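See structure below.
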Amino acid sequence: MLLEVRELYVEFATRDGIARAVNGVSYGVDEGETLAVLGESGSGKSVTAQAVMGILDTPPGRITGGEILFRGRDLLRLKEEERRGIRGAGMAMIFQDALSALNPVVPVGDQLGEMFVVHRGMSRKDARARAVELMDRVRIPAAAQRVRDYPHQFSGGMRQRIMIAMAMALEPALIIADEPTTALDVTVQAQVMDLLAELRRAYRMGLILITHDLGVVADVADRIAVMYAGRIVESAPVHDIYKAPAHPYTRGLLDSVPRLDRKGRELYAIKGLPPNLTHIPPGCPFHPRCPMARDVCRTDVPPLYEVGADRGSACHFWRECLHGPDH
Ligand code: SF4
Ligand code: MG
């Protein structure tokens, strides 16, 4: 396994009390594999990724348990120096908002080149040449002319390509992309996703794709981990989930994706809101919103049941969800 998160717990100190953002999350991604982490905002998917990247080590966030194994080494036990070495060369992150992630007053070519100067000890001139190559690689037209342009001179889609180029610069083994296309127009979204998928294949990188949008994962992901209230509620190969979800929350997400074959029909929306993480409901955290909830759901926390080959669901009634009401 390239990356393995084991039983991770993260909490935040807030004015209303302790927010339990991540509650025992385990997931893994292999070399060359794409894991989509799916869930509404506040489900803990970004916080888990930030813990993996080591950008959560300062208050108010606190990792209170678990392991994060990168090629078998627990990152939580490394010195900050070793950790920094892995960040950049071993793993890199792409954020939703490229404009705030890029430095507005430094030409993009210099920001890209900086990676090679700092990590590879290249001269400025060589680094700039590599920057142009990278911009070419992520298909920014006329890269050689645009290498001196500033972030605001690029469109949203082009800026996101520059972010991808930055993440890819040192050819990391793992890329974590947090809602990389959410801020973009639909057509541009598809292009950026295609690019990411293509580069992942070309470089055999592991990819963790964090998204709230099931619509974008079907074509790119190998596996899906669905998160709710800081837990994984379903984890499965992507095709299994599309065929039949084994958790009512996943079903709700699937039913709320627009589909051509259901044109004209009203879209389903999961009722209610995700829970306040300072007051997660007892039992199954999804019970206040679940159309299948029964008494036991209000008291007993469902474990992640093994429901098939390489597949888990944290629902007491996963059989019913998967096979219908008679099971
Ligand atoms: Fe719904 Fe109960 Fe399953 Fe939770 S355990 S998802 S409340 S049926
Ligand atoms: Mg987020």
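For the structure tokens, the naming scheme is as follows: chains receive sequential letters (A, B, ...) according to their order of presentation, residues are indexed from 1 within each chain, and ligands are indexed from 1 in presentation order.
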Go through chain A and flag each residue having an atom no more than 7 Å from ligand 2; for those, report the closest pair of atoms plus their distance in Å to one decimal, using only C-alpha atoms and all ligand atoms, ordered by chain and rising number, as a Markdown table.
```
| residue | atom | partner | partner_atom_place_in_ligand_line | distance |
| --- | --- | --- | --- | --- |
| A:Ser41 | CA | ligand 2 | 1 (Mg) | 5.7 |
| A:Gly42 | CA | ligand 2 | 1 (Mg) | 6.9 |
| A:Lys45 | CA | ligand 2 | 1 (Mg) | 6.4 |
| A:Ser46 | CA | ligand 2 | 1 (Mg) | 4.5 |
| A:Asp178 | CA | ligand 2 | 1 (Mg) | 6.7 |
```
Residues from the last selection, C-alpha atoms, saved as a PDB file, in the first residue's frame:
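In the end it all went to part-v3.pdb:
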```
ATOM      1  CA  SER A  41     -18.982  19.553   3.284  1.00  0.00           C
ATOM      2  CA  GLY A  42     -18.177  18.986   6.941  1.00  0.00           C
ATOM      3  CA  LYS A  45     -12.803  14.448   3.980  1.00  0.00           C
ATOM      4  CA  SER A  46     -10.628  17.568   3.717  1.00  0.00           C
ATOM      5  CA  ASP A 178      -9.387  18.478  -2.803  1.00  0.00           C
TER       6      ASP A 178
END
```
Please produce, as CSV, a per-residue contact table for chain A versus ligand 1 (criterion: any atom at most 7 Å away, only C-alpha atoms and all ligand atoms considered), showing the nearest atom pair and its distance in Å to one decimal, sorted by chain then residue number.
```
residue,atom,partner,partner_atom_place_in_ligand_line,distance
A:His247,CA,ligand 1,6 (S),5.9
A:Pro248,CA,ligand 1,6 (S),5.2
A:Tyr249,CA,ligand 1,6 (S),6.4
A:Cys284,CA,ligand 1,4 (Fe),4.6
A:Pro285,CA,ligand 1,4 (Fe),6.7
A:Phe286,CA,ligand 1,4 (Fe),5.2
A:His287,CA,ligand 1,7 (S),3.6
A:Cys290,CA,ligand 1,1 (Fe),4.7
A:Pro291,CA,ligand 1,1 (Fe),6.7
A:Met292,CA,ligand 1,8 (S),4.5
A:Ala293,CA,ligand 1,7 (S),4.0
A:Arg294,CA,ligand 1,2 (Fe),6.0
A:Cys297,CA,ligand 1,2 (Fe),4.3
A:Pro302,CA,ligand 1,5 (S),5.8
A:Ala314,CA,ligand 1,5 (S),6.7
A:Cys315,CA,ligand 1,3 (Fe),3.6
A:His316,CA,ligand 1,5 (S),4.4
A:Phe317,CA,ligand 1,3 (Fe),5.2
A:Trp318,CA,ligand 1,3 (Fe),6.6
```
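Among the candidate residues A:Val147, A:Ala51, A:Ala244, A:Ala13, the one lying nearest to Val106 in chain A is A:Val147, with distances computed using only C-alpha atoms.
Excluding Leu75 in chain A and any residue on its chain fewer than 5 positions from it, the residues at most 12 Å away by only C-alpha atoms are A:Leu3, A:Glu4, A:Val5, A:Arg6, A:Ala51, A:Val52, A:Met53, A:Gly54, A:Ile55, A:Asp57, A:Ile63, A:Gly66, A:Glu67, A:Ile68, A:Leu69, A:Phe70, A:Glu80, A:Glu81, A:Glu82, A:Arg83, A:Arg84, A:Gly85, A:Ile86, A:Arg87, A:Gly90, A:Met91.
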Next, the residues of the selection above should be written as a PDB file, in the first residue's frame with N, CA and C atoms.
```
ATOM      1  N   LEU A   3      -0.286   4.514   0.512  1.00  0.00           N
ATOM      2  CA  LEU A   3      -0.716   5.270   1.691  1.00  0.00           C
ATOM      3  C   LEU A   3      -1.786   4.482   2.425  1.00  0.00           C
ATOM      4  N   GLU A   4      -1.628   4.403   3.724  1.00  0.00           N
ATOM      5  CA  GLU A   4      -2.653   3.740   4.518  1.00  0.00           C
ATOM      6  C   GLU A   4      -2.954   4.586   5.752  1.00  0.00           C
ATOM      7  N   VAL A   5      -4.186   5.036   5.836  1.00  0.00           N
ATOM      8  CA  VAL A   5      -4.643   5.760   7.018  1.00  0.00           C
ATOM      9  C   VAL A   5      -5.341   4.747   7.902  1.00  0.00           C
ATOM     10  N   ARG A   6      -4.940   4.696   9.179  1.00  0.00           N
ATOM     11  CA  ARG A   6      -5.522   3.707  10.081  1.00  0.00           C
ATOM     12  C   ARG A   6      -6.135   4.361  11.297  1.00  0.00           C
ATOM     13  N   ALA A  51      -4.533  16.127   7.406  1.00  0.00           N
ATOM     14  CA  ALA A  51      -3.745  15.348   8.367  1.00  0.00           C
ATOM     15  C   ALA A  51      -2.685  14.535   7.627  1.00  0.00           C
ATOM     16  N   VAL A  52      -3.066  13.957   6.483  1.00  0.00           N
ATOM     17  CA  VAL A  52      -2.111  13.180   5.692  1.00  0.00           C
ATOM     18  C   VAL A  52      -0.973  14.079   5.205  1.00  0.00           C
ATOM     19  N   MET A  53      -1.327  15.280   4.748  1.00  0.00           N
ATOM     20  CA  MET A  53      -0.324  16.204   4.232  1.00  0.00           C
ATOM     21  C   MET A  53       0.521  16.844   5.331  1.00  0.00           C
ATOM     22  N   GLY A  54       0.078  16.706   6.565  1.00  0.00           N
ATOM     23  CA  GLY A  54       0.844  17.301   7.664  1.00  0.00           C
ATOM     24  C   GLY A  54       0.670  18.799   7.752  1.00  0.00           C
ATOM     25  N   ILE A  55      -0.489  19.295   7.319  1.00  0.00           N
ATOM     26  CA  ILE A  55      -0.723  20.734   7.405  1.00  0.00           C
ATOM     27  C   ILE A  55      -1.807  21.007   8.439  1.00  0.00           C
ATOM     28  N   ASP A  57      -1.036  20.290  11.893  1.00  0.00           N
ATOM     29  CA  ASP A  57      -0.361  20.017  13.157  1.00  0.00           C
ATOM     30  C   ASP A  57      -0.470  21.133  14.181  1.00  0.00           C
ATOM     31  N   ILE A  63      -4.558  15.924  16.054  1.00  0.00           N
ATOM     32  CA  ILE A  63      -4.716  14.498  15.762  1.00  0.00           C
ATOM     33  C   ILE A  63      -4.642  13.757  17.090  1.00  0.00           C
ATOM     34  N   GLY A  66      -4.446   7.299  15.863  1.00  0.00           N
ATOM     35  CA  GLY A  66      -4.339   6.682  14.558  1.00  0.00           C
ATOM     36  C   GLY A  66      -2.938   6.722  13.983  1.00  0.00           C
ATOM     37  N   GLU A  67      -2.842   6.180  12.783  1.00  0.00           N
ATOM     38  CA  GLU A  67      -1.566   6.140  12.071  1.00  0.00           C
ATOM     39  C   GLU A  67      -1.784   6.580  10.635  1.00  0.00           C
ATOM     40  N   ILE A  68      -0.749   7.179  10.051  1.00  0.00           N
ATOM     41  CA  ILE A  68      -0.773   7.521   8.629  1.00  0.00           C
ATOM     42  C   ILE A  68       0.492   6.929   8.026  1.00  0.00           C
ATOM     43  N   LEU A  69       0.349   5.781   7.393  1.00  0.00           N
ATOM     44  CA  LEU A  69       1.520   5.086   6.866  1.00  0.00           C
ATOM     45  C   LEU A  69       1.741   5.459   5.401  1.00  0.00           C
ATOM     46  N   PHE A  70       2.914   5.997   5.114  1.00  0.00           N
ATOM     47  CA  PHE A  70       3.300   6.271   3.730  1.00  0.00           C
ATOM     48  C   PHE A  70       4.452   5.331   3.408  1.00  0.00           C
ATOM     49  N   GLU A  80       9.637  16.827  11.866  1.00  0.00           N
ATOM     50  CA  GLU A  80       9.094  17.786  10.902  1.00  0.00           C
ATOM     51  C   GLU A  80       9.965  17.870   9.639  1.00  0.00           C
ATOM     52  N   GLU A  81      11.274  17.764   9.827  1.00  0.00           N
ATOM     53  CA  GLU A  81      12.212  17.829   8.704  1.00  0.00           C
ATOM     54  C   GLU A  81      11.988  16.690   7.697  1.00  0.00           C
ATOM     55  N   GLU A  82      11.880  15.470   8.235  1.00  0.00           N
ATOM     56  CA  GLU A  82      11.643  14.296   7.372  1.00  0.00           C
ATOM     57  C   GLU A  82      10.283  14.430   6.690  1.00  0.00           C
ATOM     58  N   ARG A  83       9.332  14.927   7.450  1.00  0.00           N
ATOM     59  CA  ARG A  83       7.987  15.113   6.950  1.00  0.00           C
ATOM     60  C   ARG A  83       7.984  16.073   5.758  1.00  0.00           C
ATOM     61  N   ARG A  84       8.755  17.152   5.899  1.00  0.00           N
ATOM     62  CA  ARG A  84       8.816  18.153   4.846  1.00  0.00           C
ATOM     63  C   ARG A  84       9.410  17.556   3.567  1.00  0.00           C
ATOM     64  N   GLY A  85      10.363  16.647   3.750  1.00  0.00           N
ATOM     65  CA  GLY A  85      10.969  15.983   2.605  1.00  0.00           C
ATOM     66  C   GLY A  85       9.955  15.167   1.818  1.00  0.00           C
ATOM     67  N   ILE A  86       9.036  14.514   2.548  1.00  0.00           N
ATOM     68  CA  ILE A  86       8.014  13.681   1.897  1.00  0.00           C
ATOM     69  C   ILE A  86       6.981  14.555   1.196  1.00  0.00           C
ATOM     70  N   ARG A  87       6.660  15.688   1.860  1.00  0.00           N
ATOM     71  CA  ARG A  87       5.737  16.630   1.230  1.00  0.00           C
ATOM     72  C   ARG A  87       6.448  17.238   0.030  1.00  0.00           C
ATOM     73  N   GLY A  90       7.264  13.352  -2.182  1.00  0.00           N
ATOM     74  CA  GLY A  90       6.514  12.100  -2.024  1.00  0.00           C
ATOM     75  C   GLY A  90       5.039  12.273  -2.282  1.00  0.00           C
ATOM     76  N   MET A  91       4.500  13.384  -1.803  1.00  0.00           N
ATOM     77  CA  MET A  91       3.072  13.642  -1.988  1.00  0.00           C
ATOM     78  C   MET A  91       2.837  15.131  -2.139  1.00  0.00           C
TER      79      MET A  91
END
```
Selection near range 25-29 of chain A, 8 Å with only C-alpha atoms, sequence-local residues under 3 positions removed, as a PyMOL selection string: chain A and resi 1-9+22+33-35+48+206-208+225+230-232
Export of prior selection with C-alpha atoms as a short mmCIF file (atom, residue, chain, number, x, y, z; two decimals), in the first residue's frame:
```cif
data_model
loop_
_atom_site.label_atom_id
_atom_site.label_comp_id
_atom_site.auth_asym_id
_atom_site.auth_seq_id
_atom_site.Cartn_x
_atom_site.Cartn_y
_atom_site.Cartn_z
CA MET A 1 0.00 0.00 0.00
CA LEU A 2 1.32 3.45 -0.94
CA LEU A 3 -0.72 5.27 1.69
CA GLU A 4 -2.65 3.74 4.52
CA VAL A 5 -4.64 5.76 7.02
CA ARG A 6 -5.52 3.71 10.08
CA GLU A 7 -8.14 4.60 12.67
CA LEU A 8 -7.47 8.32 12.42
CA TYR A 9 -9.05 10.74 14.88
CA VAL A 22 -12.54 12.69 12.01
CA GLU A 33 -4.78 3.79 -7.95
CA THR A 34 -7.46 6.46 -7.62
CA LEU A 35 -9.53 6.65 -4.47
CA THR A 48 -8.36 13.77 6.81
CA GLY A 206 -1.75 7.31 -6.51
CA LEU A 207 -4.57 9.83 -6.48
CA ILE A 208 -6.99 10.73 -3.71
CA ALA A 225 -14.92 5.90 0.27
CA GLY A 230 -16.12 12.07 10.21
CA ARG A 231 -16.53 8.36 9.47
CA ILE A 232 -16.33 6.14 6.45
#
```
Could you pull the residues within 9 Å of Leu99 in chain A, counting only C-alpha atoms, minus those fewer than 3 positions along the same chain, as a PyMOL selection string? chain A and resi 102-104+151-152+156+159-160
Residue nearest Thr250 in chain A - candidates A:Glu171, A:Asp74, A:Asp97, A:Glu234, atoms counted: only C-alpha atoms: A:Glu234
